[in-house]
>>> print(open('structure.txt').read())   # compact mmCIF, N, CA and C atoms
# COMPACT_ATOMS: atom_id res chain seq x y z
N MET A 994 41.12 42.18 129.84
CA MET A 994 41.03 41.73 131.22
C MET A 994 39.92 42.51 131.92
N SER A 995 39.21 41.84 132.81
CA SER A 995 38.12 42.48 133.53
C SER A 995 38.65 43.51 134.53
N VAL A 996 37.74 44.40 134.94
CA VAL A 996 38.07 45.46 135.88
C VAL A 996 37.17 45.32 137.10
N ILE A 997 37.76 45.41 138.27
CA ILE A 997 37.03 45.37 139.53
C ILE A 997 36.95 46.79 140.07
N VAL A 998 35.79 47.16 140.59
CA VAL A 998 35.60 48.48 141.18
C VAL A 998 34.97 48.30 142.55
N THR A 999 35.48 49.05 143.52
CA THR A 999 34.81 49.14 144.82
C THR A 999 34.34 50.58 144.97
N ALA A 1000 33.13 50.72 145.44
CA ALA A 1000 32.57 52.04 145.72
C ALA A 1000 32.06 52.02 147.16
N HIS A 1001 32.67 52.85 147.99
CA HIS A 1001 32.38 52.88 149.42
C HIS A 1001 31.57 54.13 149.73
N PHE A 1002 30.38 53.95 150.29
CA PHE A 1002 29.47 55.04 150.60
C PHE A 1002 29.30 55.13 152.11
N GLU A 1003 29.33 56.34 152.64
CA GLU A 1003 29.05 56.57 154.05
C GLU A 1003 27.72 57.30 154.16
N ALA A 1004 26.76 56.68 154.84
CA ALA A 1004 25.43 57.26 154.98
C ALA A 1004 25.40 58.30 156.09
N HIS A 1005 24.53 59.29 155.91
CA HIS A 1005 24.22 60.18 157.03
C HIS A 1005 23.65 59.32 158.15
N GLU A 1006 23.85 59.74 159.38
CA GLU A 1006 23.28 59.01 160.52
C GLU A 1006 21.77 58.89 160.33
N GLY A 1007 21.29 57.67 160.50
CA GLY A 1007 19.87 57.40 160.34
C GLY A 1007 19.42 57.18 158.91
N HIS A 1008 20.34 57.26 157.94
CA HIS A 1008 19.98 57.11 156.52
C HIS A 1008 20.49 55.80 155.91
N GLU A 1009 21.01 54.91 156.73
CA GLU A 1009 21.62 53.69 156.19
C GLU A 1009 20.64 52.91 155.31
N GLN A 1010 19.44 52.67 155.82
CA GLN A 1010 18.48 51.88 155.05
C GLN A 1010 18.01 52.64 153.81
N ASN A 1011 17.86 53.96 153.92
CA ASN A 1011 17.48 54.76 152.74
C ASN A 1011 18.55 54.65 151.66
N LEU A 1012 19.82 54.68 152.07
CA LEU A 1012 20.91 54.54 151.11
C LEU A 1012 20.88 53.17 150.45
N ILE A 1013 20.71 52.15 151.25
CA ILE A 1013 20.65 50.79 150.71
C ILE A 1013 19.48 50.66 149.74
N ASP A 1014 18.32 51.19 150.11
CA ASP A 1014 17.15 51.10 149.23
C ASP A 1014 17.39 51.85 147.92
N ALA A 1015 18.03 53.01 148.00
CA ALA A 1015 18.33 53.79 146.79
C ALA A 1015 19.29 53.04 145.87
N LEU A 1016 20.30 52.42 146.46
CA LEU A 1016 21.25 51.64 145.67
C LEU A 1016 20.58 50.40 145.08
N ARG A 1017 19.77 49.74 145.88
CA ARG A 1017 19.05 48.54 145.40
C ARG A 1017 18.19 48.84 144.18
N GLU A 1018 17.58 50.02 144.18
CA GLU A 1018 16.73 50.41 143.06
C GLU A 1018 17.50 50.45 141.75
N SER A 1019 18.77 50.72 141.82
CA SER A 1019 19.60 50.84 140.62
C SER A 1019 20.10 49.51 140.08
N ILE A 1020 20.09 48.50 140.91
CA ILE A 1020 20.73 47.23 140.54
C ILE A 1020 20.16 46.59 139.28
N PRO A 1021 18.83 46.47 139.11
CA PRO A 1021 18.35 45.81 137.88
C PRO A 1021 18.83 46.48 136.59
N ALA A 1022 18.83 47.82 136.55
CA ALA A 1022 19.28 48.52 135.34
C ALA A 1022 20.76 48.30 135.09
N VAL A 1023 21.55 48.31 136.15
CA VAL A 1023 23.00 48.09 135.99
C VAL A 1023 23.27 46.66 135.57
N HIS A 1024 22.60 45.69 136.19
CA HIS A 1024 22.80 44.29 135.82
C HIS A 1024 22.48 44.05 134.34
N ALA A 1025 21.59 44.84 133.77
CA ALA A 1025 21.21 44.68 132.36
C ALA A 1025 22.19 45.34 131.39
N GLU A 1026 23.14 46.11 131.91
CA GLU A 1026 24.09 46.80 131.05
C GLU A 1026 25.10 45.82 130.44
N PRO A 1027 25.50 46.06 129.19
CA PRO A 1027 26.54 45.24 128.58
C PRO A 1027 27.84 45.32 129.40
N GLY A 1028 28.44 44.17 129.64
CA GLY A 1028 29.72 44.12 130.32
C GLY A 1028 29.66 43.99 131.82
N CYS A 1029 28.46 44.10 132.40
CA CYS A 1029 28.35 43.97 133.86
C CYS A 1029 28.42 42.49 134.25
N LEU A 1030 29.49 42.12 134.93
CA LEU A 1030 29.66 40.75 135.41
C LEU A 1030 29.26 40.62 136.87
N MET A 1031 29.34 41.74 137.61
CA MET A 1031 28.94 41.74 139.01
C MET A 1031 28.69 43.19 139.44
N PHE A 1032 27.64 43.38 140.19
CA PHE A 1032 27.32 44.67 140.80
C PHE A 1032 26.58 44.29 142.07
N ALA A 1033 27.34 44.14 143.16
CA ALA A 1033 26.82 43.52 144.38
C ALA A 1033 26.94 44.47 145.57
N LEU A 1034 25.86 44.60 146.29
CA LEU A 1034 25.75 45.53 147.42
C LEU A 1034 26.07 44.82 148.73
N HIS A 1035 26.86 45.48 149.57
CA HIS A 1035 27.24 44.92 150.87
C HIS A 1035 27.18 46.00 151.95
N ARG A 1036 26.74 45.60 153.11
CA ARG A 1036 26.74 46.51 154.26
C ARG A 1036 28.08 46.36 154.96
N ALA A 1037 28.65 47.48 155.38
CA ALA A 1037 29.90 47.48 156.12
C ALA A 1037 29.66 48.14 157.48
N GLU A 1038 30.70 48.29 158.24
CA GLU A 1038 30.58 48.92 159.55
C GLU A 1038 30.42 50.43 159.43
N ASN A 1039 30.00 51.04 160.53
CA ASN A 1039 29.97 52.51 160.65
C ASN A 1039 29.15 53.21 159.57
N ARG A 1040 27.92 52.79 159.36
CA ARG A 1040 27.00 53.43 158.41
C ARG A 1040 27.51 53.37 156.98
N SER A 1041 28.33 52.40 156.67
CA SER A 1041 28.93 52.30 155.34
C SER A 1041 28.26 51.21 154.52
N VAL A 1042 28.25 51.45 153.23
CA VAL A 1042 27.75 50.49 152.26
C VAL A 1042 28.81 50.41 151.15
N VAL A 1043 29.07 49.20 150.68
CA VAL A 1043 30.10 49.00 149.66
C VAL A 1043 29.48 48.27 148.47
N LEU A 1044 29.73 48.79 147.28
CA LEU A 1044 29.39 48.10 146.04
C LEU A 1044 30.65 47.45 145.51
N LEU A 1045 30.55 46.18 145.17
CA LEU A 1045 31.63 45.48 144.49
C LEU A 1045 31.17 45.27 143.06
N GLU A 1046 31.97 45.72 142.14
CA GLU A 1046 31.61 45.65 140.73
C GLU A 1046 32.69 44.91 139.94
N LYS A 1047 32.25 44.22 138.90
CA LYS A 1047 33.18 43.59 137.97
C LYS A 1047 32.65 43.84 136.56
N TRP A 1048 33.53 44.37 135.72
CA TRP A 1048 33.18 44.73 134.35
C TRP A 1048 34.10 44.01 133.38
N GLU A 1049 33.56 43.64 132.23
CA GLU A 1049 34.33 42.90 131.22
C GLU A 1049 35.55 43.67 130.73
N SER A 1050 35.44 45.01 130.67
CA SER A 1050 36.55 45.81 130.14
C SER A 1050 36.46 47.24 130.65
N GLU A 1051 37.55 47.96 130.50
CA GLU A 1051 37.56 49.39 130.84
C GLU A 1051 36.54 50.15 129.99
N GLU A 1052 36.45 49.78 128.71
CA GLU A 1052 35.53 50.47 127.81
C GLU A 1052 34.09 50.32 128.25
N LEU A 1053 33.70 49.10 128.63
CA LEU A 1053 32.32 48.88 129.07
C LEU A 1053 32.06 49.50 130.43
N LEU A 1054 33.07 49.54 131.29
CA LEU A 1054 32.94 50.26 132.56
C LEU A 1054 32.72 51.74 132.29
N GLN A 1055 33.48 52.32 131.36
CA GLN A 1055 33.31 53.74 131.06
C GLN A 1055 31.93 54.02 130.49
N THR A 1056 31.44 53.13 129.63
CA THR A 1056 30.08 53.28 129.10
C THR A 1056 29.07 53.29 130.25
N HIS A 1057 29.26 52.40 131.21
CA HIS A 1057 28.41 52.36 132.40
C HIS A 1057 28.48 53.69 133.15
N LEU A 1058 29.68 54.19 133.39
CA LEU A 1058 29.85 55.42 134.16
C LEU A 1058 29.22 56.63 133.47
N ASP A 1059 29.18 56.60 132.14
CA ASP A 1059 28.62 57.71 131.37
C ASP A 1059 27.11 57.54 131.13
N GLY A 1060 26.52 56.42 131.57
CA GLY A 1060 25.15 56.09 131.22
C GLY A 1060 24.08 56.59 132.18
N ASP A 1061 22.85 56.41 131.76
CA ASP A 1061 21.69 56.84 132.54
C ASP A 1061 21.55 56.13 133.88
N PRO A 1062 21.84 54.81 133.98
CA PRO A 1062 21.70 54.17 135.29
C PRO A 1062 22.57 54.79 136.38
N VAL A 1063 23.79 55.21 136.04
CA VAL A 1063 24.65 55.85 137.04
C VAL A 1063 24.12 57.24 137.38
N ALA A 1064 23.65 57.98 136.39
CA ALA A 1064 23.08 59.30 136.67
C ALA A 1064 21.88 59.18 137.60
N ALA A 1065 21.03 58.19 137.37
CA ALA A 1065 19.87 57.98 138.24
C ALA A 1065 20.31 57.56 139.63
N LEU A 1066 21.33 56.71 139.71
CA LEU A 1066 21.85 56.26 141.01
C LEU A 1066 22.36 57.46 141.82
N VAL A 1067 23.12 58.33 141.19
CA VAL A 1067 23.66 59.50 141.87
C VAL A 1067 22.53 60.37 142.42
N ASP A 1068 21.50 60.59 141.63
CA ASP A 1068 20.36 61.39 142.09
C ASP A 1068 19.67 60.74 143.29
N ARG A 1069 19.53 59.42 143.27
CA ARG A 1069 18.85 58.70 144.35
C ARG A 1069 19.64 58.73 145.66
N ILE A 1070 20.96 58.60 145.58
CA ILE A 1070 21.74 58.47 146.81
C ILE A 1070 22.14 59.80 147.43
N GLU A 1071 22.16 60.85 146.62
CA GLU A 1071 22.68 62.15 147.08
C GLU A 1071 22.13 62.59 148.45
N PRO A 1072 20.83 62.49 148.72
CA PRO A 1072 20.34 62.96 150.02
C PRO A 1072 20.78 62.10 151.20
N HIS A 1073 21.32 60.93 150.93
CA HIS A 1073 21.60 59.96 151.99
C HIS A 1073 23.07 59.77 152.31
N ILE A 1074 23.97 60.38 151.53
CA ILE A 1074 25.39 60.17 151.77
C ILE A 1074 26.03 61.37 152.47
N ALA A 1075 26.95 61.06 153.37
CA ALA A 1075 27.62 62.07 154.18
C ALA A 1075 28.76 62.74 153.43
N LYS A 1076 29.31 62.05 152.44
CA LYS A 1076 30.43 62.60 151.65
C LYS A 1076 30.47 61.86 150.32
N SER A 1077 31.28 62.35 149.42
CA SER A 1077 31.42 61.69 148.12
C SER A 1077 31.91 60.26 148.31
N PRO A 1078 31.41 59.34 147.49
CA PRO A 1078 31.87 57.94 147.60
C PRO A 1078 33.35 57.82 147.28
N GLU A 1079 33.98 56.86 147.92
CA GLU A 1079 35.37 56.52 147.61
C GLU A 1079 35.34 55.38 146.60
N VAL A 1080 35.80 55.65 145.40
CA VAL A 1080 35.76 54.66 144.32
C VAL A 1080 37.19 54.26 143.97
N VAL A 1081 37.42 52.95 143.91
CA VAL A 1081 38.75 52.42 143.60
C VAL A 1081 38.61 51.40 142.48
N ARG A 1082 39.41 51.54 141.43
CA ARG A 1082 39.48 50.55 140.35
C ARG A 1082 40.63 49.61 140.64
N LEU A 1083 40.37 48.33 140.48
CA LEU A 1083 41.38 47.32 140.75
C LEU A 1083 41.61 46.46 139.52
N THR A 1084 42.83 46.02 139.34
CA THR A 1084 43.17 45.05 138.30
C THR A 1084 43.66 43.80 139.02
N ALA A 1085 43.13 42.66 138.63
CA ALA A 1085 43.44 41.40 139.30
C ALA A 1085 44.92 41.05 139.19
N VAL A 1086 45.41 40.49 140.26
CA VAL A 1086 46.74 39.88 140.30
C VAL A 1086 46.48 38.41 140.64
N PRO A 1087 46.27 37.58 139.61
CA PRO A 1087 45.89 36.19 139.87
C PRO A 1087 46.93 35.46 140.73
N ALA A 1088 46.40 34.66 141.64
CA ALA A 1088 47.24 33.85 142.52
C ALA A 1088 46.43 32.64 142.96
N GLY A 1089 47.09 31.53 143.14
CA GLY A 1089 46.39 30.34 143.59
C GLY A 1089 45.51 29.77 142.49
N THR A 1090 44.41 29.14 142.89
CA THR A 1090 43.50 28.53 141.92
C THR A 1090 42.69 29.59 141.20
N GLY A 1091 42.22 29.27 140.01
CA GLY A 1091 41.47 30.22 139.21
C GLY A 1091 40.19 30.68 139.85
N HIS A 1092 39.48 29.79 140.53
CA HIS A 1092 38.21 30.19 141.12
C HIS A 1092 38.36 30.81 142.51
N GLN A 1093 39.53 30.67 143.14
CA GLN A 1093 39.74 31.26 144.46
C GLN A 1093 40.67 32.47 144.44
N GLY A 1094 41.47 32.58 143.42
CA GLY A 1094 42.50 33.61 143.41
C GLY A 1094 42.21 34.80 142.55
N ILE A 1095 40.98 34.89 142.02
CA ILE A 1095 40.62 36.04 141.19
C ILE A 1095 39.11 36.20 141.23
N LEU A 1096 38.67 37.45 141.25
CA LEU A 1096 37.23 37.73 141.19
C LEU A 1096 36.77 37.67 139.76
>>> encode(input="structure.txt", output="structure tokens")
Amino acid sequence: MSVIVTAHFEAHEGHEQNLIDALRESIPAVHAEPGCLMFALHRAENRSVVLLEKWESEELLQTHLDGDPVAALVDRIEPHIAKSPEVVRLTAVPAGTGHQGIL
């Protein structure tokens, strides 16, 4: 079963666009990784940025987390974040129609 991950980043005041640019830089490498079904950047309120991720399996997610693209991402964002990102792993609870009730 696929794994959904949310990563919530809070930018230092005045660093929102720098954070977004740093995250954007990482997207092509992550999209090319085996098992990446979604790695999508979203702006939230209060200087926050959220990544929504979907991975084919826990194993491929772990490979991603241990890989060079994540190490590069961490180096790029470090100067722009106010605190450590809040990362949550989710497992789908299907409900309703297949295309509306599950990511």
>>> residues_around(input="structure.txt", residues="segment 1069-1082 of chain A", least_positions_apart="6", cutoff="8 Å", atoms="only C-alpha atoms", output="ChimeraX atom specification")
/A:996-1005,1008-1009,1011-1012,1015-1016
>>> select_by_dssp(input="structure.txt", residues="chain A", states="strand (DSSP E)", output="ChimeraX atom specification")
/A:996-1003,1029-1036,1041-1048,1079-1083
>>> closest_residue(input="structure.txt", among="A:Ile1095, A:Arg1017, A:Ser995, A:Leu1034", to="Leu1053 of chain A", atoms="only C-alpha atoms")
A:Ser995
>>> select_by_dssp(input="structure.txt", residues="chain A", states="alpha helix (DSSP H)", output="ChimeraX atom specification")
/A:1009-1024,1051-1058,1061-1070
>>> closest_residue(input="structure.txt", among="A:Glu1049, A:His1092, A:His1057, A:Ala1085", to="Val1023 of chain A", atoms="all atoms listed in the file")
A:His1057
>>> atom_distance(input="structure.txt", atom1="atom CA of Ala1065 of chain A", atom2="atom CA of Leu1096 of chain A")
26.8 Å
>>> residues_around(input="structure.txt", residues="Leu1058 of chain A", least_positions_apart="3", cutoff="12 Å", atoms="only C-alpha atoms", output="list of chain:residue names")
A:Val998, A:Val1023, A:Glu1026, A:Gly1028, A:Cys1029, A:Glu1046, A:Trp1048, A:Glu1051, A:Glu1052, A:Leu1053, A:Leu1054, A:Gln1055, A:Asp1061, A:Pro1062, A:Val1063, A:Ala1064, A:Ala1065, A:Leu1066, A:Val1067, A:Val1080
>>> closest_residue(input="structure.txt", among="A:Asp1014, A:Gly1060, A:Lys1047, A:Gly1089", to="Leu1030 of chain A", atoms="all atoms listed in the file")
A:Lys1047
>>> atom_distance(input="structure.txt", atom1="atom N of Arg1036 of chain A", atom2="atom N of Ser1019 of chain A")
14.7 Å
>>> closest_residue(input="structure.txt", among="A:Ser1050, A:Ala1025, A:His1035, A:Ile1013", to="Thr1084 of chain A", atoms="only C-alpha atoms")
A:Ser1050
>>> closest_residue(input="structure.txt", among="A:Gly1091, A:Leu1045, A:Glu1018, A:Asp1059", to="Ala1033 of chain A", atoms="all atoms listed in the file")
A:Leu1045
